[in-house]
file input_36.pdb (PDB, C-alpha atoms)
ATOM      1  CA  MET A   1     -77.832 -57.415 -13.173
ATOM      2  CA  SER A   2     -79.375 -57.102 -16.601
ATOM      3  CA  GLU A   3     -81.310 -59.069 -19.121
ATOM      4  CA  THR A   4     -78.081 -60.696 -20.272
ATOM      5  CA  ASN A   5     -78.306 -64.464 -20.589
ATOM      6  CA  SER A   6     -75.368 -65.191 -18.334
ATOM      7  CA  PRO A   7     -74.356 -62.963 -15.452
ATOM      8  CA  SER A   8     -71.408 -60.745 -16.322
ATOM      9  CA  ASP A   9     -68.184 -60.877 -14.399
ATOM     10  CA  TRP A  10     -67.603 -57.509 -12.687
ATOM     11  CA  ARG A  11     -64.117 -57.357 -14.208
ATOM     12  CA  THR A  12     -65.471 -57.416 -17.775
ATOM     13  CA  LEU A  13     -68.894 -55.867 -17.204
ATOM     14  CA  ALA A  14     -68.209 -52.609 -19.091
ATOM     15  CA  ALA A  15     -66.831 -54.568 -22.060
ATOM     16  CA  ASP A  16     -69.892 -56.843 -22.070
ATOM     17  CA  LEU A  17     -72.321 -53.922 -21.932
ATOM     18  CA  PHE A  18     -70.355 -52.043 -24.591
ATOM     19  CA  GLU A  19     -70.426 -54.934 -27.002
ATOM     20  CA  LYS A  20     -74.075 -55.718 -26.451
ATOM     21  CA  TYR A  21     -75.614 -52.234 -26.410
ATOM     22  CA  ARG A  22     -73.310 -49.913 -28.352
ATOM     23  CA  ASN A  23     -75.364 -49.906 -31.553
ATOM     24  CA  GLU A  24     -78.738 -49.449 -29.941
ATOM     25  CA  VAL A  25     -77.720 -46.825 -27.392
ATOM     26  CA  THR A  26     -75.642 -44.688 -29.763
ATOM     27  CA  GLU A  27     -78.471 -44.800 -32.323
ATOM     28  CA  ARG A  28     -80.956 -43.654 -29.689
ATOM     29  CA  LEU A  29     -78.620 -40.867 -28.644
ATOM     30  CA  ALA A  30     -78.067 -39.716 -32.226
ATOM     31  CA  HIS A  31     -81.796 -39.782 -32.882
ATOM     32  CA  ARG A  32     -82.519 -37.723 -29.782
ATOM     33  CA  ASN A  33     -79.708 -35.216 -30.292
ATOM     34  CA  VAL A  34     -79.712 -34.294 -33.957
ATOM     35  CA  GLY A  35     -76.838 -32.011 -34.952
ATOM     36  CA  ILE A  36     -74.658 -32.856 -31.958
ATOM     37  CA  ASP A  37     -71.080 -33.850 -32.719
ATOM     38  CA  ARG A  38     -70.727 -37.624 -33.083
ATOM     39  CA  ASP A  39     -67.608 -37.712 -30.909
ATOM     40  CA  ASP A  40     -69.488 -36.021 -28.064
ATOM     41  CA  LEU A  41     -72.286 -38.607 -28.338
ATOM     42  CA  HIS A  42     -69.772 -41.429 -28.161
ATOM     43  CA  ASP A  43     -67.900 -39.816 -25.273
ATOM     44  CA  ALA A  44     -71.205 -39.583 -23.419
ATOM     45  CA  PHE A  45     -72.026 -43.245 -24.014
ATOM     46  CA  VAL A  46     -68.603 -44.434 -22.833
ATOM     47  CA  THR A  47     -68.684 -42.120 -19.794
ATOM     48  CA  ALA A  48     -72.102 -43.458 -18.767
ATOM     49  CA  LEU A  49     -71.025 -47.036 -19.417
ATOM     50  CA  LEU A  50     -67.993 -46.717 -17.146
ATOM     51  CA  GLN A  51     -70.033 -45.013 -14.430
ATOM     52  CA  ILE A  52     -72.543 -47.862 -14.460
ATOM     53  CA  ALA A  53     -69.894 -50.588 -14.585
ATOM     54  CA  ALA A  54     -68.049 -48.945 -11.680
ATOM     55  CA  ASN A  55     -71.253 -48.943  -9.600
ATOM     56  CA  PRO A  56     -73.456 -51.746 -10.995
ATOM     57  CA  GLU A  57     -75.664 -51.675  -7.900
ATOM     58  CA  LYS A  58     -77.182 -48.418  -9.230
ATOM     59  CA  PHE A  59     -79.085 -50.463 -11.797
ATOM     60  CA  ASP A  60     -82.171 -51.789 -10.083
ATOM     61  CA  PRO A  61     -83.931 -54.574 -12.039
ATOM     62  CA  GLU A  62     -86.920 -54.198  -9.685
ATOM     63  CA  GLN A  63     -87.710 -50.911 -11.442
ATOM     64  CA  GLN A  64     -88.559 -52.943 -14.570
ATOM     65  CA  THR A  65     -86.271 -50.710 -16.614
ATOM     66  CA  GLU A  66     -84.462 -52.335 -19.490
ATOM     67  CA  MET A  67     -80.712 -52.010 -19.455
ATOM     68  CA  VAL A  68     -80.749 -50.325 -22.868
ATOM     69  CA  ALA A  69     -83.109 -47.612 -21.616
ATOM     70  CA  PHE A  70     -81.076 -47.199 -18.439
ATOM     71  CA  LEU A  71     -77.861 -46.827 -20.422
ATOM     72  CA  ALA A  72     -79.481 -44.397 -22.873
ATOM     73  CA  GLY A  73     -80.754 -42.261 -19.994
ATOM     74  CA  ALA A  74     -77.369 -42.223 -18.268
ATOM     75  CA  SER A  75     -75.694 -41.380 -21.592
ATOM     76  CA  GLN A  76     -78.086 -38.484 -22.130
ATOM     77  CA  LEU A  77     -77.174 -37.073 -18.713
ATOM     78  CA  ALA A  78     -73.477 -37.490 -19.479
ATOM     79  CA  LEU A  79     -74.007 -35.732 -22.823
ATOM     80  CA  LEU A  80     -75.622 -32.727 -21.135
ATOM     81  CA  GLN A  81     -72.627 -32.532 -18.812
ATOM     82  CA  ILE A  82     -70.212 -32.698 -21.757
ATOM     83  CA  LEU A  83     -72.104 -29.996 -23.674
ATOM     84  CA  ARG A  84     -72.160 -27.780 -20.577
ATOM     85  CA  THR A  85     -68.404 -28.238 -20.112
ATOM     86  CA  ASN A  86     -67.797 -27.460 -23.805
ATOM     87  CA  ARG A  87     -69.855 -24.274 -23.514
ATOM     88  CA  ARG A  88     -67.973 -23.194 -20.391
ATOM     89  CA  ARG A  89     -64.620 -23.912 -22.044
ATOM     90  CA  LYS A  90     -65.599 -21.928 -25.116
ATOM     91  CA  ALA A  91     -66.701 -18.969 -23.014
ATOM     92  CA  ARG A  92     -63.461 -19.136 -21.004
ATOM     93  CA  ASP A  93     -61.371 -19.258 -24.191
ATOM     94  CA  GLU A  94     -63.215 -16.270 -25.616
ATOM     95  CA  LYS A  95     -62.684 -14.345 -22.392
ATOM     96  CA  LYS A  96     -58.996 -15.279 -22.387
ATOM     97  CA  ALA A  97     -58.639 -14.151 -26.014
ATOM     98  CA  LEU A  98     -60.164 -10.769 -25.101
ATOM     99  CA  LEU A  99     -57.740 -10.397 -22.192
ATOM    100  CA  VAL A 100     -54.768 -11.195 -24.430
ATOM    101  CA  VAL A 101     -55.821  -8.478 -26.861
ATOM    102  CA  ARG A 102     -56.286  -5.970 -24.044
ATOM    103  CA  ASP A 103     -52.947  -6.815 -22.383
ATOM    104  CA  ALA A 104     -50.288  -4.415 -23.628
ATOM    105  CA  PRO A 105     -46.890  -6.153 -23.839
ATOM    106  CA  ALA A 106     -45.173  -3.152 -22.218
ATOM    107  CA  ALA A 107     -47.273  -3.578 -19.088
ATOM    108  CA  ARG A 108     -45.696  -6.949 -18.394
ATOM    109  CA  SER A 109     -42.474  -7.271 -16.463
ATOM    110  CA  SER A 110     -39.460  -8.844 -18.132
ATOM    111  CA  ILE A 111     -39.584 -11.655 -15.538
ATOM    112  CA  GLU A 112     -43.143 -12.537 -16.571
ATOM    113  CA  VAL A 113     -42.189 -12.475 -20.243
ATOM    114  CA  ALA A 114     -39.155 -14.709 -19.602
ATOM    115  CA  ALA A 115     -41.239 -17.181 -17.587
ATOM    116  CA  ASP A 116     -43.879 -17.322 -20.319
ATOM    117  CA  THR A 117     -41.224 -17.795 -23.004
ATOM    118  CA  GLU A 118     -39.684 -20.660 -21.036
ATOM    119  CA  LEU A 119     -43.096 -22.249 -20.530
ATOM    120  CA  ALA A 120     -43.932 -21.836 -24.213
ATOM    121  CA  GLU A 121     -40.580 -23.404 -25.135
ATOM    122  CA  ASN A 122     -41.241 -26.350 -22.805
ATOM    123  CA  ALA A 123     -44.762 -26.610 -24.179
ATOM    124  CA  ARG A 124     -43.359 -27.045 -27.669
ATOM    125  CA  ASN A 125     -41.217 -29.913 -26.392
ATOM    126  CA  VAL A 126     -44.255 -31.890 -25.227
ATOM    127  CA  ALA A 127     -44.732 -32.997 -28.829
ATOM    128  CA  GLN A 128     -42.588 -36.092 -29.137
ATOM    129  CA  SER A 129     -43.147 -37.100 -32.742
ATOM    130  CA  ASP A 130     -43.440 -35.282 -36.063
ATOM    131  CA  GLU A 131     -47.137 -36.096 -36.131
ATOM    132  CA  GLU A 132     -47.652 -34.558 -32.684
ATOM    133  CA  ARG A 133     -45.542 -31.517 -33.597
ATOM    134  CA  ASN A 134     -47.630 -30.915 -36.724
ATOM    135  CA  VAL A 135     -50.886 -31.247 -34.791
ATOM    136  CA  LEU A 136     -49.603 -28.905 -32.066
ATOM    137  CA  ARG A 137     -48.494 -26.309 -34.632
ATOM    138  CA  LEU A 138     -51.872 -26.262 -36.385
ATOM    139  CA  TRP A 139     -53.684 -26.356 -33.065
ATOM    140  CA  GLU A 140     -51.676 -23.317 -31.870
ATOM    141  CA  LEU A 141     -52.781 -21.521 -35.029
ATOM    142  CA  GLY A 142     -56.382 -22.109 -34.019
ATOM    143  CA  HIS A 143     -57.367 -24.775 -36.540
ATOM    144  CA  SER A 144     -60.239 -27.127 -35.732
ATOM    145  CA  ASP A 145     -59.883 -30.923 -35.511
ATOM    146  CA  ASP A 146     -61.508 -31.289 -38.939
ATOM    147  CA  GLU A 147     -59.096 -28.815 -40.508
ATOM    148  CA  ILE A 148     -56.089 -30.489 -38.877
ATOM    149  CA  ALA A 149     -57.310 -33.910 -39.998
ATOM    150  CA  THR A 150     -57.676 -32.692 -43.592
ATOM    151  CA  ALA A 151     -54.347 -30.854 -43.623
ATOM    152  CA  LEU A 152     -52.373 -33.774 -42.186
ATOM    153  CA  LYS A 153     -54.390 -36.512 -43.937
ATOM    154  CA  LEU A 154     -55.310 -38.089 -40.596
ATOM    155  CA  ALA A 155     -58.587 -39.488 -39.332
ATOM    156  CA  ARG A 156     -60.472 -37.065 -37.076
ATOM    157  CA  PRO A 157     -60.504 -39.469 -34.081
ATOM    158  CA  ASP A 158     -56.714 -39.792 -34.424
ATOM    159  CA  VAL A 159     -56.359 -36.005 -34.315
ATOM    160  CA  LYS A 160     -58.557 -35.912 -31.225
ATOM    161  CA  LEU A 161     -56.479 -38.646 -29.586
ATOM    162  CA  LEU A 162     -53.218 -36.792 -30.329
ATOM    163  CA  ARG A 163     -54.670 -33.491 -29.131
ATOM    164  CA  ASP A 164     -55.912 -35.137 -25.947
ATOM    165  CA  ARG A 165     -52.473 -36.597 -25.336
ATOM    166  CA  LEU A 166     -50.839 -33.183 -25.874
ATOM    167  CA  THR A 167     -53.381 -31.559 -23.550
ATOM    168  CA  GLN A 168     -52.585 -34.047 -20.798
ATOM    169  CA  ARG A 169     -48.847 -33.362 -21.121
ATOM    170  CA  LEU A 170     -49.388 -29.597 -21.231
ATOM    171  CA  ARG A 171     -51.559 -29.820 -18.117
ATOM    172  CA  ARG A 172     -48.847 -31.823 -16.355
ATOM    173  CA  LEU A 173     -46.278 -29.243 -17.476
ATOM    174  CA  GLY A 174     -48.507 -26.424 -16.218
ATOM    175  CA  ASP A 175     -48.826 -28.148 -12.809
ATOM    176  CA  GLU A 176     -45.060 -28.570 -12.577
ATOM    177  CA  HIS A 177     -44.519 -24.949 -13.596
ATOM    178  CA  ARG A 178     -46.992 -23.799 -10.937
ATOM    179  CA  ASP A 179     -45.311 -25.988  -8.281
ATOM    180  CA  GLU A 180     -41.927 -24.523  -9.210
ATOM    181  CA  SER A 181     -43.261 -20.955  -9.049
ATOM    182  CA  MET A 182     -44.766 -21.580  -5.629
ATOM    183  CA  SER A 183     -41.672 -23.203  -4.138
TER     184      SER A 183
ATOM    185  CA  MET B 184     -72.820 -48.580 -37.409
ATOM    186  CA  THR B 185     -70.493 -47.245 -40.098
ATOM    187  CA  PRO B 186     -66.719 -47.891 -39.893
ATOM    188  CA  GLU B 187     -66.235 -44.166 -39.127
ATOM    189  CA  ASP B 188     -68.734 -44.397 -36.273
ATOM    190  CA  LEU B 189     -66.964 -47.452 -34.917
ATOM    191  CA  LYS B 190     -63.598 -45.734 -35.090
ATOM    192  CA  SER B 191     -64.957 -42.675 -33.311
ATOM    193  CA  LEU B 192     -66.510 -44.901 -30.633
ATOM    194  CA  GLN B 193     -63.242 -46.788 -30.145
ATOM    195  CA  SER B 194     -61.427 -43.465 -29.849
ATOM    196  CA  SER B 195     -63.853 -42.439 -27.120
ATOM    197  CA  VAL B 196     -63.104 -45.688 -25.289
ATOM    198  CA  PHE B 197     -59.326 -45.161 -25.490
ATOM    199  CA  ARG B 198     -59.626 -41.529 -24.436
ATOM    200  CA  ILE B 199     -62.102 -41.837 -21.578
ATOM    201  CA  SER B 200     -60.914 -45.113 -20.060
ATOM    202  CA  GLY B 201     -57.396 -43.637 -20.303
ATOM    203  CA  HIS B 202     -58.099 -41.113 -17.538
ATOM    204  CA  ASP B 203     -58.921 -43.514 -14.702
ATOM    205  CA  PRO B 204     -56.560 -46.180 -13.310
ATOM    206  CA  MET B 205     -59.627 -48.246 -12.424
ATOM    207  CA  TRP B 206     -59.727 -49.288 -16.100
ATOM    208  CA  LEU B 207     -57.136 -51.101 -18.168
ATOM    209  CA  GLY B 208     -57.411 -48.323 -20.753
ATOM    210  CA  CYS B 209     -55.402 -46.122 -18.408
ATOM    211  CA  TRP B 210     -52.356 -48.404 -18.612
ATOM    212  CA  ILE B 211     -52.778 -48.959 -22.341
ATOM    213  CA  ASN B 212     -52.952 -45.205 -22.862
ATOM    214  CA  GLY B 213     -49.771 -44.752 -20.821
ATOM    215  CA  TYR B 214     -48.075 -47.479 -22.832
ATOM    216  CA  LEU B 215     -49.094 -45.850 -26.137
ATOM    217  CA  GLU B 216     -47.629 -42.606 -24.909
ATOM    218  CA  SER B 217     -44.398 -43.937 -23.444
ATOM    219  CA  GLU B 218     -43.673 -46.209 -26.422
ATOM    220  CA  GLY B 219     -44.938 -43.746 -29.052
ATOM    221  CA  LEU B 220     -47.306 -46.375 -30.459
ATOM    222  CA  LYS B 221     -50.713 -46.244 -32.067
ATOM    223  CA  PRO B 222     -53.587 -48.404 -30.759
ATOM    224  CA  GLN B 223     -53.099 -50.771 -33.724
ATOM    225  CA  GLY B 224     -49.530 -51.427 -32.564
ATOM    226  CA  VAL B 225     -50.564 -52.409 -29.040
ATOM    227  CA  ALA B 226     -53.428 -54.512 -30.387
ATOM    228  CA  ALA B 227     -50.950 -56.422 -32.541
ATOM    229  CA  GLU B 228     -48.629 -56.891 -29.575
ATOM    230  CA  LEU B 229     -51.499 -58.306 -27.544
ATOM    231  CA  GLY B 230     -52.526 -60.495 -30.484
ATOM    232  CA  ILE B 231     -56.007 -58.997 -30.799
ATOM    233  CA  THR B 232     -57.995 -56.742 -33.123
ATOM    234  CA  ILE B 233     -58.528 -53.049 -32.482
ATOM    235  CA  ASP B 234     -62.143 -53.827 -31.550
ATOM    236  CA  SER B 235     -60.979 -56.309 -28.903
ATOM    237  CA  LEU B 236     -58.463 -53.745 -27.661
ATOM    238  CA  ALA B 237     -61.381 -51.387 -26.983
ATOM    239  CA  LEU B 238     -63.037 -54.175 -24.962
ATOM    240  CA  PHE B 239     -59.748 -54.815 -23.140
ATOM    241  CA  CYS B 240     -59.535 -51.113 -22.218
ATOM    242  CA  LEU B 241     -63.021 -51.305 -20.714
ATOM    243  CA  CYS B 242     -62.036 -54.089 -18.315
ATOM    244  CA  ARG B 243     -61.100 -53.462 -14.709
ATOM    245  CA  THR B 244     -57.484 -53.116 -13.626
ATOM    246  CA  PRO B 245     -56.485 -56.319 -11.820
ATOM    247  CA  ARG B 246     -56.356 -56.102  -8.034
ATOM    248  CA  PRO B 247     -52.771 -56.264  -6.730
ATOM    249  CA  ASP B 248     -53.527 -59.242  -4.482
ATOM    250  CA  SER B 249     -55.139 -61.295  -7.267
ATOM    251  CA  PHE B 250     -53.418 -59.840 -10.296
ATOM    252  CA  GLN B 251     -52.965 -63.044 -12.294
ATOM    253  CA  GLU B 252     -56.458 -64.351 -11.576
ATOM    254  CA  ASP B 253     -58.165 -61.068 -12.544
ATOM    255  CA  LEU B 254     -56.056 -60.606 -15.645
ATOM    256  CA  LYS B 255     -56.721 -64.170 -16.733
ATOM    257  CA  VAL B 256     -60.481 -63.495 -16.725
ATOM    258  CA  VAL B 257     -59.940 -60.362 -18.816
ATOM    259  CA  CYS B 258     -57.625 -62.111 -21.281
ATOM    260  CA  GLU B 259     -60.028 -65.035 -21.690
ATOM    261  CA  ARG B 260     -62.800 -62.540 -22.439
ATOM    262  CA  THR B 261     -60.844 -60.435 -24.935
ATOM    263  CA  GLY B 262     -58.387 -62.953 -26.365
ATOM    264  CA  ALA B 263     -55.337 -60.901 -25.323
ATOM    265  CA  LYS B 264     -52.040 -62.645 -24.584
ATOM    266  CA  LEU B 265     -51.772 -62.970 -20.825
ATOM    267  CA  ASP B 266     -47.992 -62.592 -20.579
ATOM    268  CA  VAL B 267     -47.895 -59.503 -22.827
ATOM    269  CA  ALA B 268     -50.822 -57.892 -21.001
ATOM    270  CA  ALA B 269     -49.183 -58.533 -17.628
ATOM    271  CA  ARG B 270     -45.900 -57.035 -18.828
ATOM    272  CA  ILE B 271     -47.552 -53.881 -20.191
ATOM    273  CA  ILE B 272     -49.631 -53.270 -17.062
ATOM    274  CA  ARG B 273     -46.763 -53.955 -14.667
ATOM    275  CA  GLN B 274     -44.481 -51.669 -16.676
ATOM    276  CA  GLU B 275     -46.961 -48.804 -16.749
ATOM    277  CA  GLN B 276     -47.855 -49.185 -13.070
ATOM    278  CA  ALA B 277     -44.155 -48.996 -12.216
ATOM    279  CA  MET B 278     -43.774 -45.906 -14.437
ATOM    280  CA  SER B 279     -46.754 -44.293 -12.757
ATOM    281  CA  ARG B 280     -45.273 -44.906  -9.290
ATOM    282  CA  TRP B 281     -41.975 -43.490 -10.519
ATOM    283  CA  ARG B 282     -43.697 -40.332 -11.794
ATOM    284  CA  ASP B 283     -45.549 -39.931  -8.497
ATOM    285  CA  VAL B 284     -42.288 -40.158  -6.592
ATOM    286  CA  GLY B 285     -40.750 -37.615  -8.975
ATOM    287  CA  ARG B 286     -43.590 -35.221  -8.272
ATOM    288  CA  THR B 287     -43.274 -35.501  -4.498
ATOM    289  CA  GLY B 288     -39.477 -35.196  -4.637
ATOM    290  CA  GLY B 289     -36.650 -37.629  -3.973
ATOM    291  CA  ALA B 290     -37.138 -37.591  -0.204
ATOM    292  CA  GLY B 291     -39.635 -40.451  -0.518
ATOM    293  CA  TRP B 292     -36.909 -42.762  -1.723
ATOM    294  CA  MET B 293     -34.634 -41.785   1.123
ATOM    295  CA  LEU B 294     -37.387 -42.417   3.651
ATOM    296  CA  ALA B 295     -38.244 -45.738   2.052
ATOM    297  CA  ALA B 296     -34.606 -46.763   2.219
ATOM    298  CA  SER B 297     -34.302 -45.758   5.849
ATOM    299  CA  ASP B 298     -37.512 -47.627   6.704
ATOM    300  CA  ALA B 299     -36.037 -50.928   5.554
ATOM    301  CA  ASP B 300     -35.829 -53.642   8.171
ATOM    302  CA  GLU B 301     -32.257 -53.540   9.366
ATOM    303  CA  SER B 302     -32.370 -57.034  10.824
ATOM    304  CA  SER B 303     -33.264 -58.590   7.465
ATOM    305  CA  GLU B 304     -30.441 -56.638   5.837
ATOM    306  CA  SER B 305     -27.927 -57.873   8.380
ATOM    307  CA  GLU B 306     -29.264 -61.417   7.939
ATOM    308  CA  ASN B 307     -28.634 -61.128   4.219
ATOM    309  CA  ASP B 308     -25.148 -59.867   4.892
ATOM    310  CA  GLU B 309     -24.500 -62.821   7.127
ATOM    311  CA  GLU B 310     -25.801 -65.201   4.495
ATOM    312  CA  GLY B 311     -23.603 -63.552   1.897
ATOM    313  CA  ALA B 312     -20.636 -63.865   4.179
ATOM    314  CA  LYS B 313     -21.412 -67.549   4.764
ATOM    315  CA  GLY B 314     -21.680 -68.087   1.026
ATOM    316  CA  GLU B 315     -18.318 -66.504   0.480
ATOM    317  CA  ASP B 316     -16.757 -68.716   3.126
ATOM    318  CA  GLN B 317     -17.949 -71.860   1.398
ATOM    319  CA  PRO B 318     -15.364 -73.407  -0.838
ATOM    320  CA  GLY B 319     -16.057 -74.002  -4.466
TER     321      GLY B 319
END
call {"tool": "encode", "arguments": {"input": "input_36.pdb", "output": "structure tokens"}}
result
Amino acid sequence: MSETNSPSDWRTLAADLFEKYRNEVTERLAHRNVGIDRDDLHDAFVTALLQIAANPEKFDPEQQTEMVAFLAGASQLALLQILRTNRRRKARDEKKALLVVRDAPAARSSIEVAADTELAENARNVAQSDEERNVLRLWELGHSDDEIATALKLARPDVKLLRDRLTQRLRRLGDEHRDESMS
Amino acid sequence: MTPEDLKSLQSSVFRISGHDPMWLGCWINGYLESEGLKPQGVAAELGITIDSLALFCLCRTPRPDSFQEDLKVVCERTGAKLDVAARIIRQEQAMSRWRDVGRTGGAGWMLAASDADESSESENDEEGAKGEDQPG
């Protein structure tokens, strides 16, 4: 499918493309998107890579496009999507923060307060190790990944990995809580 | 690429491939979570470097009907131990099925049990009874 010397097996295609093009594509992305967070650039590259490897027929060698240019283009599109999602999330968080400030505690029923307390208690239990508990605590206080990494003497990607793991568990917990409320 | 860049890129691989069961990263991510391990720990278990673990995560999940054959291709490509990889994936796939059943409620198990072929069960009983009758 590409200018690789030997045709890639579909089972290892993403790994082959990753190994061969990671330097060139991430450099192109960084060059084209100065000032953008490195983790977002890498997320975009991996997202595009997996999309292409899942549907390799989308790459058409007849178009005379080099695989590296194709991957860089797909990564750029994925990056725009990531940046859009980040912007939306930030706006949503800001809106939520405003609502929290406006919400007077007295206006809430005791049932709502109890349910929230139970959910918050369960949420705290999603952290299964001391490292996760520390990250969750600092995260709850509104610290950024960089600040958490510095405070806990961890690498930033590790903090992101832990935070992602906690987010997944919290999301699962939220789904369960919603299911319980509806039943 | 600096070591920090490489680490960030590997993190992206673990994180993004971890969301989709199409990729082996999904099962590795589940294993990290259920065993409370770090990627380095799983890499050591598989007998590979962290860089090869990233490659492993980017490989396709083996098809159920050709599990060994697919996994063998992946292990030859990444250098991972076939038996360890098979154990981890099987374990996490079983855990995932278990969680799905938990989410839909216990009724699924009851239905599955009641769907069992009664004739095969009675055959087994008969075989068991024959076995018991045999001396020795």
call {"tool": "interface_residues", "arguments": {"input": "input_36.pdb", "of": "chain A", "to": "chain B", "cutoff": "9 Å", "atoms": "only C-alpha atoms", "output": "MDAnalysis selection string"}}
result
chainID A and resid 9:16 18:19 22:23 27 38:47 50 54 128:129 155:158 160:161 164:165 176
call {"tool": "write_last_selection", "arguments": {"input": "input_36.pdb", "atoms": "C-alpha atoms", "output": "PDB file, in the frame of the given file"}}
result
ATOM      1  CA  ASP A   9     -68.184 -60.877 -14.399  1.00  0.00           C
ATOM      2  CA  TRP A  10     -67.603 -57.509 -12.687  1.00  0.00           C
ATOM      3  CA  ARG A  11     -64.117 -57.357 -14.208  1.00  0.00           C
ATOM      4  CA  THR A  12     -65.471 -57.416 -17.775  1.00  0.00           C
ATOM      5  CA  LEU A  13     -68.894 -55.867 -17.204  1.00  0.00           C
ATOM      6  CA  ALA A  14     -68.209 -52.609 -19.091  1.00  0.00           C
ATOM      7  CA  ALA A  15     -66.831 -54.568 -22.060  1.00  0.00           C
ATOM      8  CA  ASP A  16     -69.892 -56.843 -22.070  1.00  0.00           C
ATOM      9  CA  PHE A  18     -70.355 -52.043 -24.591  1.00  0.00           C
ATOM     10  CA  GLU A  19     -70.426 -54.934 -27.002  1.00  0.00           C
ATOM     11  CA  ARG A  22     -73.310 -49.913 -28.352  1.00  0.00           C
ATOM     12  CA  ASN A  23     -75.364 -49.906 -31.553  1.00  0.00           C
ATOM     13  CA  GLU A  27     -78.471 -44.800 -32.323  1.00  0.00           C
ATOM     14  CA  ARG A  38     -70.727 -37.624 -33.083  1.00  0.00           C
ATOM     15  CA  ASP A  39     -67.608 -37.712 -30.909  1.00  0.00           C
ATOM     16  CA  ASP A  40     -69.488 -36.021 -28.064  1.00  0.00           C
ATOM     17  CA  LEU A  41     -72.286 -38.607 -28.338  1.00  0.00           C
ATOM     18  CA  HIS A  42     -69.772 -41.429 -28.161  1.00  0.00           C
ATOM     19  CA  ASP A  43     -67.900 -39.816 -25.273  1.00  0.00           C
ATOM     20  CA  ALA A  44     -71.205 -39.583 -23.419  1.00  0.00           C
ATOM     21  CA  PHE A  45     -72.026 -43.245 -24.014  1.00  0.00           C
ATOM     22  CA  VAL A  46     -68.603 -44.434 -22.833  1.00  0.00           C
ATOM     23  CA  THR A  47     -68.684 -42.120 -19.794  1.00  0.00           C
ATOM     24  CA  LEU A  50     -67.993 -46.717 -17.146  1.00  0.00           C
ATOM     25  CA  ALA A  54     -68.049 -48.945 -11.680  1.00  0.00           C
ATOM     26  CA  GLN A 128     -42.588 -36.092 -29.137  1.00  0.00           C
ATOM     27  CA  SER A 129     -43.147 -37.100 -32.742  1.00  0.00           C
ATOM     28  CA  ALA A 155     -58.587 -39.488 -39.332  1.00  0.00           C
ATOM     29  CA  ARG A 156     -60.472 -37.065 -37.076  1.00  0.00           C
ATOM     30  CA  PRO A 157     -60.504 -39.469 -34.081  1.00  0.00           C
ATOM     31  CA  ASP A 158     -56.714 -39.792 -34.424  1.00  0.00           C
ATOM     32  CA  LYS A 160     -58.557 -35.912 -31.225  1.00  0.00           C
ATOM     33  CA  LEU A 161     -56.479 -38.646 -29.586  1.00  0.00           C
ATOM     34  CA  ASP A 164     -55.912 -35.137 -25.947  1.00  0.00           C
ATOM     35  CA  ARG A 165     -52.473 -36.597 -25.336  1.00  0.00           C
ATOM     36  CA  GLU A 176     -45.060 -28.570 -12.577  1.00  0.00           C
TER      37      GLU A 176
END
call {"tool": "residues_around", "arguments": {"input": "input_36.pdb", "residues": "A:Val159", "least_positions_apart": "6", "cutoff": "12 Å", "atoms": "all atoms listed in the file", "output": "NGL selection string"}}
result
(:A and (39 or 131-136 or 138-139 or 143-153 or 165-166)) or (:B and (191 or 194 or 198 or 221))
call {"tool": "atom_distance", "arguments": {"input": "input_36.pdb", "atom1": "atom CA of A:Leu17", "atom2": "atom CA of B:Ser279"}}
result
28.8 Å
call {"tool": "atom_distance", "arguments": {"input": "input_36.pdb", "atom1": "atom CA of B:Thr232", "atom2": "atom CA of A:Thr26"}}
result
21.6 Å
call {"tool": "atom_distance", "arguments": {"input": "input_36.pdb", "atom1": "atom CA of A:Asn86", "atom2": "atom CA of A:Ala30"}}
result
18.1 Å
call {"tool": "residues_around", "arguments": {"input": "input_36.pdb", "residues": "B:Gly224", "least_positions_apart": "4", "cutoff": "12 Å", "atoms": "all atoms listed in the file", "output": "list of chain:residue names"}}
result
B:Ile211, B:Tyr214, B:Leu215, B:Glu216, B:Glu218, B:Gly219, B:Leu220, B:Glu228, B:Leu229, B:Gly230, B:Ile231, B:Thr232, B:Ile233, B:Leu236
call {"tool": "closest_residue", "arguments": {"input": "input_36.pdb", "among": "A:Arg84, A:Leu71, A:Lys20, A:Leu29", "to": "A:Pro56", "atoms": "all atoms listed in the file"}}
result
A:Leu71
call {"tool": "closest_residue", "arguments": {"input": "input_36.pdb", "among": "B:Gly208, B:Gln223, B:Trp281, B:Asp248", "to": "B:Ala268", "atoms": "only C-alpha atoms"}}
result
B:Gly208
call {"tool": "decode", "arguments": {"input": "input_36.pdb", "residues": "stretch 65-70 of chain A", "atoms": "N, CA and C atoms", "output": "compact mmCIF listing (two decimals), in the first residue's frame"}}
result
# COMPACT_ATOMS: atom_id res chain seq x y z
N THR A 65 0.54 10.28 -4.06
CA THR A 65 0.85 10.93 -2.79
C THR A 65 1.79 10.02 -2.01
N GLU A 66 2.78 10.60 -1.41
CA GLU A 66 3.67 9.79 -0.57
C GLU A 66 2.98 9.49 0.74
N MET A 67 3.29 8.34 1.30
CA MET A 67 2.65 7.96 2.56
C MET A 67 2.91 8.99 3.65
N VAL A 68 4.14 9.55 3.67
CA VAL A 68 4.46 10.51 4.74
C VAL A 68 3.58 11.75 4.63
N ALA A 69 3.30 12.19 3.41
CA ALA A 69 2.46 13.37 3.22
C ALA A 69 1.01 13.03 3.58
N PHE A 70 0.59 11.83 3.22
CA PHE A 70 -0.76 11.38 3.53
C PHE A 70 -0.98 11.32 5.05
